[in-house]
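Read the structure below first, then the notes.
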Amino acid sequence: MAKTERVREEVSAPPAPDYWKRKTDAGWRLAAVEWIREASAEAGSSETREEIPYGLKVADDCVHLEAHPTERESLLLMLELIVQDRTLSEVAAELNDRGFRNRRGGEWGPAAVFNLLPRMIEVGPHVFSQDEWAARRRRLFRAV
């Protein structure tokens, strides 16, 4: 089998019409053309990319979101510790001590816990059923 030679040329302006003839006469054949342009702010992508809320993951059907067990457990722990009036540093330390890691696989810090406060406020009322929350609340306040 003959060896194939490839050359990539970057251009700053459209090639002259005789450029293509010279290349084919030299034995080259066109293999690909790559087009690029500056993206305008208003011509946004039709794709909507937004971060999946902490505590959720994409379901197997790739259409819905469902609870992420480990993230949900870490959210519950954060909520419990905040209810116990622990500092954000203490919450982060407790998460790390129990082996929880953030989405990037790193350790928790006070800033990361702080950034999740809006999510905790959003999730809080929906996390527990009334009976489950009553039982947790009794257990929490016995510990305090």
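Letters A, B, ... mark the chains of the structure tokens in the order given; residue numbers begin at 1 per chain; ligand numbers begin at 1, in order shown.
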(request) Name the residues in contact with Glu34 of chain A at a cut-off of 12 Å, using only C-alpha atoms, excluding same-chain residues fewer than 5 positions from it; report them as a PyMOL selection string. (result) chain A and resi 8-11
Hey, can you spit out that residue selection with N, CA and C atoms as a JSON list (two decimals), in the first residue's frame?
```json
[["chain", "number", "residue", "atom", "x", "y", "z"],
["A", 8, "ARG", "N", -1.48, 20.14, 6.12],
["A", 8, "ARG", "CA", -2.52, 21.09, 6.54],
["A", 8, "ARG", "C", -1.96, 22.48, 6.39],
["A", 9, "GLU", "N", -2.69, 23.30, 5.66],
["A", 9, "GLU", "CA", -2.25, 24.67, 5.43],
["A", 9, "GLU", "C", -3.26, 25.62, 6.06],
["A", 10, "GLU", "N", -2.75, 26.56, 6.84],
["A", 10, "GLU", "CA", -3.62, 27.58, 7.40],
["A", 10, "GLU", "C", -3.61, 28.76, 6.44],
["A", 11, "VAL", "N", -4.77, 29.33, 6.23],
["A", 11, "VAL", "CA", -4.88, 30.44, 5.29],
["A", 11, "VAL", "C", -5.44, 31.65, 6.00]]
```
Considering only C-alpha atoms, give me a table of residues in segment 28-77 of chain A that are at most 9 Å from segment 103-127 of chain A, with the closest atom pair and distance in Å for each, as JSON lines.
```
{"residue": "A:Pro53", "atom": "CA", "partner": "A:Arg119", "partner_atom": "CA", "distance": 7.5}
{"residue": "A:Tyr54", "atom": "CA", "partner": "A:Arg119", "partner_atom": "CA", "distance": 7.2}
{"residue": "A:Gly55", "atom": "CA", "partner": "A:Val123", "partner_atom": "CA", "distance": 8.8}
{"residue": "A:Glu71", "atom": "CA", "partner": "A:Arg103", "partner_atom": "CA", "distance": 8.5}
{"residue": "A:Arg72", "atom": "CA", "partner": "A:Val127", "partner_atom": "CA", "distance": 8.7}
{"residue": "A:Leu75", "atom": "CA", "partner": "A:Met120", "partner_atom": "CA", "distance": 6.9}
{"residue": "A:Leu76", "atom": "CA", "partner": "A:Val127", "partner_atom": "CA", "distance": 8.0}
```
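Going from atom CA of Lys21 of chain A over to atom CA of Glu38 of chain A, you cover 29.5 Å.
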(message) Would you compute the distance between atom CA of Ser89 of chain A and atom CA of Glu73 of chain A? Give it in Å to one decimal.
(response)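 Pair atom CA of Ser89 of chain A / atom CA of Glu73 of chain A returns 18.4 Å.
The coordinates place atom CA of Thr70 of chain A at 17.4 Å from atom CA of Glu51 of chain A.
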(request) Please return as a PyMOL selection string: the residues of segment 2-135 of chain A that backbone DSSP assigns to strand (DSSP E or B). (result) chain A and resi 56-58+65-67
(request) Enumerate the residues of segment 27-119 of chain A with a DSSP assignment of helix (DSSP H, G or I), computed from the backbone, and present them as a ChimeraX atom specification. (result) /A:69-83,88-97,110-115,117-119
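Proximity to Leu79 of chain A was assessed for A:Arg29, A:Phe100, A:Arg137, A:Arg22 counting only C-alpha atoms; the smallest distance is recorded for A:Arg137.
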(request) Mind checking which residues fall within 12 Å of segment 23-27 of chain A, counting only C-alpha atoms, ignoring those fewer than 5 positions away in the same chain, and posting them as a PyMOL selection string? (result) chain A and resi 4-7+9+15-18
Output the selection as a tab-separated table (two decimals), in the first residue's frame - N, CA and C atoms for each residue.
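Generated file (out-v4.tsv):
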```tsv
chain	number	residue	atom	x	y	z
A	4	THR	N	0.58	7.54	2.41
A	4	THR	CA	-0.22	8.75	2.20
A	4	THR	C	0.46	9.92	2.88
A	5	GLU	N	0.56	11.00	2.17
A	5	GLU	CA	1.13	12.21	2.72
A	5	GLU	C	0.01	13.22	2.91
A	6	ARG	N	-0.03	13.85	4.08
A	6	ARG	CA	-1.05	14.87	4.38
A	6	ARG	C	-0.37	16.17	4.75
A	7	VAL	N	-0.96	17.26	4.30
A	7	VAL	CA	-0.45	18.59	4.62
A	7	VAL	C	-1.64	19.45	5.02
A	9	GLU	N	-2.69	23.30	5.66
A	9	GLU	CA	-2.25	24.67	5.43
A	9	GLU	C	-3.26	25.62	6.06
A	15	PRO	N	-7.91	31.29	-1.12
A	15	PRO	CA	-6.87	31.02	-2.11
A	15	PRO	C	-7.26	31.54	-3.50
A	16	ALA	N	-6.27	31.87	-4.28
A	16	ALA	CA	-6.50	32.32	-5.66
A	16	ALA	C	-7.04	31.13	-6.47
A	17	PRO	N	-7.82	31.39	-7.52
A	17	PRO	CA	-8.41	30.30	-8.31
A	17	PRO	C	-7.38	29.31	-8.86
A	18	ASP	N	-6.19	29.76	-9.22
A	18	ASP	CA	-5.20	28.83	-9.78
A	18	ASP	C	-4.55	27.96	-8.70
```
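In this comparison, which uses only C-alpha atoms, the residue of A:Ala31, A:Leu88, A:Leu77, A:Ile52 approaching Leu65 of chain A most closely is A:Ile52.
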